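Q: My questions will all concern the structure given below.
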Amino acid sequence: AAAAEEREWAGMDEAYVRGELGQGHLLDAAPGAKRQALLEQLTALDGQYPGGLAAYVANAKELLERSREGANPYDGFKPAVPQGERLQANTSQFDESEAIGMEEVGFTGFVLVAGGLGERLGYHGIKVALPNEILTERCFLENYCNSILALQARARESTGDAGLIVPLAIMTSGDTHDKTVELLNKHANFGMADGQITIMKQEKVPAIVDNEGRFAQDPDTGLVETKPHGHGDVHSLIHGTGLLERWKDMGVKWVVFFQDTNGLVFRALVAAIGVSAARDFDVNSLTVPRRPGEAVGGICQLDSEDGSKSLTINVEYNQLDPLLRATLNPDGDVPDESGFSPFPGNINVLIFKLEGYHKVLAKTKGAIPEFVNPKYADEAKTKFKKPTRLECMMQDYPKLLTDDPDAKVGFTQMERFMCFSAVKNNPADAVGKLKGSGFAESASSGENDIYHNNRLLLSMTGVNVKTTNLDNESFLGLPVPVAAKVVLTPAFGVTVKEIRDRFPSPDKVSISERSSLVLDGDIVVESLDLDGDLRITAAPGAKVVVKNLTVKNQGVEWVPVDFDDQSVDEAMRIRGYVKKENESLVINQSDPGETVVDRP
Ligand code: UGB
């Protein structure tokens, strides 16, 4: 009886479904037991959407009507390049931002949006379980946790607060939730404390078949077909779960959002948080120089023609070109003299000041304005090629700030090698992407961008390592540079300065092109001649000083594998190679105190 009452309260009786919701077709095609299951599902869906399914249908009808009319959401707005900071690695400006950021990282909460399935990637597991690079085979999630723990360790030292916690929240979805929980359980939360990680699961929304907002139905089960609602759900979940309240009470000042497969993001975050603090930004988007046509949105300052409104926001890649054509340039999304789009490229790394965010969530409950993007099957725009759904994006948050003219929204631009390399495309598609935009965004490019970043940081420090005029090998049609593969873990360095300080006499360090090197933990490298493979790990409490070391061994090589070879692990197949470990020097130090390596 209680369940019946609840359903009645939620309005999920048949008359309501037929009348208010206009979904009678679902009932007609679900007789008997199927109908009961359908009503239960509708009740659940009703509870998951702010305002219930009636609001969802109403929003859908309105957005679909606007889409049918061809209405442009940016009508009446003119784009301009917004204000922001452009930081170059290894400059005093960068160091200063990092120094400011280091003061703030202990008061930061991190939010990983990981509800996406990654269909484009051709990988069937969850993306955060994918190895970032295969020298250590540590997965994305492990690297993120290690980075947060390393930042936490630094903050504990500098504040003297041994109990300080830097929290992480992960947004999962029905597609990724169980596997994410399993991965964390299997690895004891990658060293994170009990309660340090909060998991928030986003729910799907009904798929829609026509402009009347009628839901799609699975003919076998009679249930409504559902689809992801987009990463914008993260804000309503942060509000609804009470997470922000808890973080506020813990003393968190900054909330950082990042995506599932960006292995470089923590190289940039400290400096970007520093910019947020120095400029007192309410919202700070980390950006990269963007190639026209590339599948990353552009951050634009949109000014209304009557001058009454101004909004700094990401314009998604598919909308940027039409907006530019209609306003600034009949040629649309084209490069300026730098070869890049004048609009900074959004990489969906967002830093919010908690104070303002908290106020906005209290007022709006984090409901982000939605959009719909149906693919029409007829000219009259009455039929869809496949069911559509309403979506929302986390970077649309500034739309909730329109009543607050004092909110400061800006960007921090960095060189791409310092902050962004996503893993999104299967090898075949990546070949096309590479041709089109210059960026493959594949498993192999993601991996090699890690090595590239570390090589460049070492080279900037003065280490002898080749970074330019490199030859390429090709795996599955994608180029992979023949160059030193270097992994510098978060325990080794979380800032450019920390990495620099680990090489007091960099001119005495040289690494050949065929070498691979992993430095993990508190390690100082004074003199090293590396031609082969070297792995050094200093466990917490241990310190390794490489006073003088010459390494010459057979090292590690990449061996090609076929994409279709089912005998090979999919995580390797999607990069087109596996690792062959011929000969390595491994130094693992767990004894507390300093160990000196002196083997010239
Ligand atoms: N995600 C969720 O958590 N839930 C969802 O429902 C959907 C996604 P995609 P896309 O990196 O360059 C974004 O699919 O479409 C998570 C920005 O909008 O990789 O390529 C998902 O797990 C674009 O402006 O996003 O576009 C993943 O972590 C640009 O920044 C994240 O959301 C682009 O990313 C992004 O999902 C980019």
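Following the order of the structure tokens, chains are lettered A, B, ..., residues in each are numbered from 1, and ligands are numbered from 1.
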Please identify every polymer residue within 6 Å of ligand 1, using only C-alpha atoms and all ligand atoms, and present the set as a PyMOL selection string.
A: chain A and resi 113-116+171+228-231+259-260+296-297+316+346-348
Q: Output as a list in words all residues of segment 28-119 of chain A that backbone DSSP marks as strand (DSSP E or B).
A: Phe77, Lys78, Pro79, Ala80, Gly84, Glu85, Arg86, Leu87, Thr108, Gly109, Phe110, Val111, Leu112 and Val113 of chain A
Q: Which residues of segment 69-108 of chain A have any atom within 10 Å of an atom in segment 156-170 of chain A when counting only C-alpha atoms, and what is the closest pair of atoms for each, with the distance in Å to one decimal? Order the rows by chain and rising number and write it as CSV.
A:
residue,atom,partner,partner_atom,distance
A:Met102,CA,A:Ser158,CA,9.1
A:Glu103,CA,A:Ser158,CA,8.0
A:Val105,CA,A:Val166,CA,7.9
A:Gly106,CA,A:Val166,CA,6.0
A:Phe107,CA,A:Val166,CA,6.9
A:Thr108,CA,A:Val166,CA,6.3
Q: Using only C-alpha atoms, determine which residues lie at most 9 Å from Val255 of chain A, disregarding the query and same-chain residues fewer than 3 positions distant; provide the list as a list of chain:residue names.
A: A:Phe107, A:Thr108, A:Gly109, A:Phe110, A:Val111, A:Val252, A:Leu350, A:Ile351, A:Phe352, A:Lys353, A:Leu354, A:Tyr357
Q: Could the residues in this selection be saved with all heavy atoms as a JSON list (two decimals), in the first residue's frame?
A:
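Generated file (selection-v9.json):
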[["chain", "number", "residue", "atom", "x", "y", "z"],
["A", 107, "PHE", "N", 43.55, 23.09, 0.17],
["A", 107, "PHE", "CA", 42.16, 23.52, 0.40],
["A", 107, "PHE", "C", 41.35, 23.37, -0.88],
["A", 107, "PHE", "O", 40.54, 24.22, -1.23],
["A", 107, "PHE", "CB", 42.15, 24.97, 0.92],
["A", 107, "PHE", "CG", 43.11, 25.17, 2.04],
["A", 107, "PHE", "CD1", 44.34, 25.77, 1.83],
["A", 107, "PHE", "CD2", 42.81, 24.67, 3.31],
["A", 107, "PHE", "CE1", 45.25, 25.90, 2.86],
["A", 107, "PHE", "CE2", 43.72, 24.78, 4.34],
["A", 107, "PHE", "CZ", 44.94, 25.40, 4.12],
["A", 108, "THR", "N", 41.65, 22.30, -1.59],
["A", 108, "THR", "CA", 41.01, 22.05, -2.88],
["A", 108, "THR", "C", 40.29, 20.71, -2.84],
["A", 108, "THR", "O", 40.78, 19.76, -2.24],
["A", 108, "THR", "CB", 42.09, 22.03, -4.00],
["A", 108, "THR", "OG1", 42.76, 23.29, -4.00],
["A", 108, "THR", "CG2", 41.48, 21.80, -5.37],
["A", 109, "GLY", "N", 39.12, 20.67, -3.46],
["A", 109, "GLY", "CA", 38.42, 19.40, -3.65],
["A", 109, "GLY", "C", 38.42, 19.10, -5.14],
["A", 109, "GLY", "O", 38.19, 20.00, -5.95],
["A", 110, "PHE", "N", 38.69, 17.85, -5.51],
["A", 110, "PHE", "CA", 38.78, 17.48, -6.92],
["A", 110, "PHE", "C", 37.55, 16.69, -7.34],
["A", 110, "PHE", "O", 37.07, 15.84, -6.58],
["A", 110, "PHE", "CB", 40.04, 16.65, -7.17],
["A", 110, "PHE", "CG", 41.29, 17.47, -7.04],
["A", 110, "PHE", "CD1", 41.94, 17.59, -5.81],
["A", 110, "PHE", "CD2", 41.80, 18.16, -8.13],
["A", 110, "PHE", "CE1", 43.09, 18.37, -5.69],
["A", 110, "PHE", "CE2", 42.93, 18.95, -8.01],
["A", 110, "PHE", "CZ", 43.59, 19.05, -6.79],
["A", 111, "VAL", "N", 37.05, 16.97, -8.53],
["A", 111, "VAL", "CA", 35.87, 16.27, -9.04],
["A", 111, "VAL", "C", 36.20, 15.69, -10.41],
["A", 111, "VAL", "O", 36.48, 16.42, -11.37],
["A", 111, "VAL", "CB", 34.66, 17.22, -9.18],
["A", 111, "VAL", "CG1", 33.43, 16.44, -9.66],
["A", 111, "VAL", "CG2", 34.37, 17.94, -7.88],
["A", 252, "VAL", "N", 37.43, 23.48, 2.40],
["A", 252, "VAL", "CA", 37.77, 23.52, 0.97],
["A", 252, "VAL", "C", 37.44, 24.91, 0.41],
["A", 252, "VAL", "O", 36.38, 25.47, 0.71],
["A", 252, "VAL", "CB", 37.00, 22.42, 0.20],
["A", 252, "VAL", "CG1", 37.16, 22.57, -1.31],
["A", 252, "VAL", "CG2", 37.48, 21.03, 0.64],
["A", 350, "LEU", "N", 38.00, 22.86, -15.01],
["A", 350, "LEU", "CA", 37.38, 24.07, -14.48],
["A", 350, "LEU", "C", 37.73, 24.21, -13.00],
["A", 350, "LEU", "O", 37.70, 23.23, -12.26],
["A", 350, "LEU", "CB", 35.86, 23.99, -14.62],
["A", 350, "LEU", "CG", 35.32, 23.66, -16.01],
["A", 350, "LEU", "CD1", 33.83, 23.33, -15.93],
["A", 350, "LEU", "CD2", 35.54, 24.83, -16.95],
["A", 351, "ILE", "N", 38.05, 25.43, -12.61],
["A", 351, "ILE", "CA", 38.36, 25.68, -11.21],
["A", 351, "ILE", "C", 37.36, 26.71, -10.69],
["A", 351, "ILE", "O", 37.29, 27.82, -11.22],
["A", 351, "ILE", "CB", 39.79, 26.21, -11.05],
["A", 351, "ILE", "CG1", 40.77, 25.20, -11.65],
["A", 351, "ILE", "CG2", 40.12, 26.48, -9.58],
["A", 351, "ILE", "CD1", 42.16, 25.73, -11.85],
["A", 352, "PHE", "N", 36.56, 26.30, -9.73],
["A", 352, "PHE", "CA", 35.54, 27.20, -9.16],
["A", 352, "PHE", "C", 35.97, 27.62, -7.76],
["A", 352, "PHE", "O", 36.49, 26.80, -7.00],
["A", 352, "PHE", "CB", 34.19, 26.48, -9.00],
["A", 352, "PHE", "CG", 33.47, 26.16, -10.28],
["A", 352, "PHE", "CD1", 34.05, 26.37, -11.52],
["A", 352, "PHE", "CD2", 32.18, 25.65, -10.22],
["A", 352, "PHE", "CE1", 33.36, 26.06, -12.69],
["A", 352, "PHE", "CE2", 31.48, 25.33, -11.38],
["A", 352, "PHE", "CZ", 32.07, 25.53, -12.62],
["A", 353, "LYS", "N", 35.69, 28.86, -7.43],
["A", 353, "LYS", "CA", 35.86, 29.28, -6.03],
["A", 353, "LYS", "C", 34.65, 28.75, -5.27],
["A", 353, "LYS", "O", 33.50, 29.00, -5.67],
["A", 353, "LYS", "CB", 35.93, 30.80, -5.97],
["A", 353, "LYS", "CG", 36.27, 31.30, -4.60],
["A", 353, "LYS", "CD", 36.85, 32.69, -4.66],
["A", 353, "LYS", "CE", 35.73, 33.69, -4.47],
["A", 353, "LYS", "NZ", 36.22, 35.06, -4.42],
["A", 354, "LEU", "N", 34.90, 28.03, -4.19],
["A", 354, "LEU", "CA", 33.79, 27.35, -3.51],
["A", 354, "LEU", "C", 32.74, 28.33, -3.00],
["A", 354, "LEU", "O", 31.53, 28.06, -3.12],
["A", 354, "LEU", "CB", 34.30, 26.48, -2.35],
["A", 354, "LEU", "CG", 33.21, 25.67, -1.64],
["A", 354, "LEU", "CD1", 33.66, 24.26, -1.33],
["A", 354, "LEU", "CD2", 32.72, 26.35, -0.36],
["A", 357, "TYR", "N", 30.35, 29.32, -5.69],
["A", 357, "TYR", "CA", 29.70, 28.10, -6.20],
["A", 357, "TYR", "C", 28.62, 27.67, -5.21],
["A", 357, "TYR", "O", 27.50, 27.31, -5.61],
["A", 357, "TYR", "CB", 30.78, 27.03, -6.36],
["A", 357, "TYR", "CG", 30.35, 25.73, -7.00],
["A", 357, "TYR", "CD1", 29.47, 25.69, -8.08],
["A", 357, "TYR", "CD2", 30.86, 24.51, -6.56],
["A", 357, "TYR", "CE1", 29.10, 24.49, -8.68],
["A", 357, "TYR", "CE2", 30.51, 23.31, -7.14],
["A", 357, "TYR", "CZ", 29.62, 23.30, -8.20],
["A", 357, "TYR", "OH", 29.26, 22.11, -8.78]]
Q: May I ask which of the residues A:Gln217, A:Leu324, A:Val546, A:Lys579 is the closest one to Val561 of chain A, counting only C-alpha atoms?
A: A:Lys579
Q: Just asking: which residues within segment 263-426 of chain A are alpha helix (DSSP H) according to DSSP, as a VMD selection string?
A: chain A and resid 265 to 279 317 to 326 354 to 364 416 to 419
Q: Hey, what's within 12 Å of Val181 of chain A if we count only C-alpha atoms and toss same-chain stuff fewer than 3 positions away? As a ChimeraX atom specification, please?
A: /A:114,126,128-129,141,170-178,184-190,197-201
Q: With distances taken over only C-alpha atoms, which residue among A:Ser147, A:Ser444, A:Asn454, A:Asn464 lies nearest Val578 of chain A?
A: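 Checking each candidate against Val578 of chain A, we get A:Ser444 as the closest.
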Q: Report as a VMD selection string all protein, DNA and RNA residues lying within 10 Å of Leu519 of chain A, evaluated on only C-alpha atoms, omitting residues in the same chain fewer than 6 positions from it.
A: chain A and resid 486 to 493 525 534 to 538 587
Q: Could you write out that same residue set with all heavy atoms as a CSV table (one decimal), in the first residue's frame?
A:
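Written out: part-v9.csv:
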chain,number,residue,atom,x,y,z
A,486,VAL,N,60.0,8.8,-20.7
A,486,VAL,CA,60.2,9.2,-19.4
A,486,VAL,C,58.9,9.3,-18.6
A,486,VAL,O,58.0,9.9,-19.0
A,486,VAL,CB,61.0,10.5,-19.3
A,486,VAL,CG1,61.3,11.0,-17.9
A,486,VAL,CG2,62.2,10.5,-20.2
A,487,VAL,N,58.9,8.7,-17.4
A,487,VAL,CA,57.8,8.8,-16.5
A,487,VAL,C,58.3,9.4,-15.2
A,487,VAL,O,59.2,8.9,-14.5
A,487,VAL,CB,57.1,7.4,-16.2
A,487,VAL,CG1,56.0,7.6,-15.2
A,487,VAL,CG2,56.6,6.8,-17.5
A,488,LEU,N,57.8,10.6,-14.8
A,488,LEU,CA,58.1,11.2,-13.5
A,488,LEU,C,56.8,11.2,-12.7
A,488,LEU,O,55.9,11.9,-13.0
A,488,LEU,CB,58.6,12.6,-13.8
A,488,LEU,CG,59.7,12.8,-14.8
A,488,LEU,CD1,60.0,14.3,-15.1
A,488,LEU,CD2,61.0,12.1,-14.4
A,489,THR,N,56.8,10.4,-11.7
A,489,THR,CA,55.5,10.2,-11.0
A,489,THR,C,55.2,11.4,-10.1
A,489,THR,O,56.1,12.2,-9.7
A,489,THR,CB,55.5,9.0,-10.1
A,489,THR,OG1,56.4,9.2,-9.0
A,489,THR,CG2,56.0,7.8,-10.9
A,490,PRO,N,54.0,11.6,-9.6
A,490,PRO,CA,53.6,12.6,-8.7
A,490,PRO,C,54.5,12.6,-7.4
A,490,PRO,O,54.8,13.7,-6.9
A,490,PRO,CB,52.2,12.4,-8.4
A,490,PRO,CG,51.6,11.6,-9.5
A,490,PRO,CD,52.8,10.8,-10.0
A,491,ALA,N,54.8,11.4,-6.9
A,491,ALA,CA,55.7,11.4,-5.7
A,491,ALA,C,57.1,12.0,-6.0
A,491,ALA,O,57.7,12.5,-5.1
A,491,ALA,CB,55.8,10.0,-5.2
A,492,PHE,N,57.5,12.0,-7.3
A,492,PHE,CA,58.8,12.6,-7.6
A,492,PHE,C,58.7,14.1,-7.8
A,492,PHE,O,59.6,14.8,-7.4
A,492,PHE,CB,59.2,11.9,-9.0
A,492,PHE,CG,60.5,12.4,-9.5
A,492,PHE,CD1,61.7,12.0,-9.0
A,492,PHE,CD2,60.6,13.4,-10.5
A,492,PHE,CE1,62.9,12.5,-9.5
A,492,PHE,CE2,61.8,13.8,-11.0
A,492,PHE,CZ,63.0,13.4,-10.5
A,493,GLY,N,57.5,14.5,-8.3
A,493,GLY,CA,57.4,16.0,-8.5
A,493,GLY,C,56.0,16.4,-8.9
A,493,GLY,O,55.4,15.8,-9.8
A,525,VAL,N,68.8,13.3,-8.7
A,525,VAL,CA,69.7,12.7,-9.7
A,525,VAL,C,70.8,13.7,-10.0
A,525,VAL,O,70.6,14.8,-10.6
A,525,VAL,CB,68.9,12.4,-11.0
A,525,VAL,CG1,69.8,11.8,-12.1
A,525,VAL,CG2,67.7,11.5,-10.8
A,534,LEU,N,65.8,2.1,-17.0
A,534,LEU,CA,66.1,2.3,-15.6
A,534,LEU,C,64.8,2.7,-14.8
A,534,LEU,O,64.1,3.6,-15.3
A,534,LEU,CB,67.1,3.5,-15.4
A,534,LEU,CG,67.4,4.0,-14.0
A,534,LEU,CD1,68.1,2.9,-13.1
A,534,LEU,CD2,68.3,5.2,-14.0
A,535,ARG,N,64.6,2.0,-13.7
A,535,ARG,CA,63.4,2.3,-12.9
A,535,ARG,C,63.9,2.5,-11.5
A,535,ARG,O,64.5,1.6,-10.9
A,535,ARG,CB,62.5,1.1,-12.8
A,535,ARG,CG,62.3,0.3,-14.1
A,535,ARG,CD,61.2,1.0,-14.9
A,535,ARG,NE,61.1,0.3,-16.2
A,535,ARG,CZ,60.1,-0.4,-16.6
A,535,ARG,NH1,59.1,-0.7,-15.8
A,535,ARG,NH2,60.1,-0.9,-17.9
A,536,ILE,N,63.6,3.7,-10.9
A,536,ILE,CA,64.0,3.9,-9.5
A,536,ILE,C,62.8,4.2,-8.7
A,536,ILE,O,62.0,5.1,-9.1
A,536,ILE,CB,65.0,5.0,-9.3
A,536,ILE,CG1,66.2,4.8,-10.3
A,536,ILE,CG2,65.5,5.1,-7.9
A,536,ILE,CD1,67.3,5.9,-10.2
A,537,THR,N,62.6,3.5,-7.6
A,537,THR,CA,61.5,3.8,-6.7
A,537,THR,C,62.0,4.0,-5.3
A,537,THR,O,62.7,3.2,-4.8
A,537,THR,CB,60.5,2.6,-6.7
A,537,THR,OG1,60.0,2.3,-8.0
A,537,THR,CG2,59.2,2.9,-5.8
A,538,ALA,N,61.6,5.1,-4.7
A,538,ALA,CA,61.9,5.4,-3.3
A,538,ALA,C,60.6,5.4,-2.6
A,538,ALA,O,59.7,6.2,-2.9
A,538,ALA,CB,62.6,6.7,-3.1
A,587,ILE,N,66.0,-0.2,-9.3
A,587,ILE,CA,66.4,0.1,-7.9
A,587,ILE,C,65.2,0.4,-7.1
A,587,ILE,O,64.5,1.4,-7.4
A,587,ILE,CB,67.4,1.3,-7.9
A,587,ILE,CG1,68.6,1.0,-8.8
A,587,ILE,CG2,67.7,1.8,-6.5
A,587,ILE,CD1,69.5,2.2,-9.0
Q: Rounded to one decimal, what separation in Å do you get between atom CA of Thr91 of chain A and atom CA of Pro506 of chain A?
A: 17.7 Å
Q: Between atom CA of Ala55 of chain A and atom CA of Leu21 of chain A, what distance in Å does the model show, to one decimal?
A: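 Between atom CA of Ala55 of chain A and atom CA of Leu21 of chain A the gap works out to 9.2 Å.
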Q: For atom CA of Ile299 of chain A and atom CA of Ala58 of chain A, quote the distance in Å rounded to one decimal.
A: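 Separating atom CA of Ile299 of chain A from atom CA of Ala58 of chain A is a distance of 29.8 Å.
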Q: Give me, as a VMD selection string, all polymer residues having an atom no more than 8 Å from Met393 of chain A, counting only C-alpha atoms and skipping those fewer than 4 positions away in the same chain.
A: chain A and resid 230 to 233 368 370 397
Q: Nearest to Ser505 of chain A among A:Gly339, A:Pro540, A:Thr550, A:Val463, with distances taken over only C-alpha atoms: which residue is it?
A: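 Between A:Gly339, A:Pro540, A:Thr550, A:Val463, the residue approaching Ser505 of chain A most closely is A:Val463.
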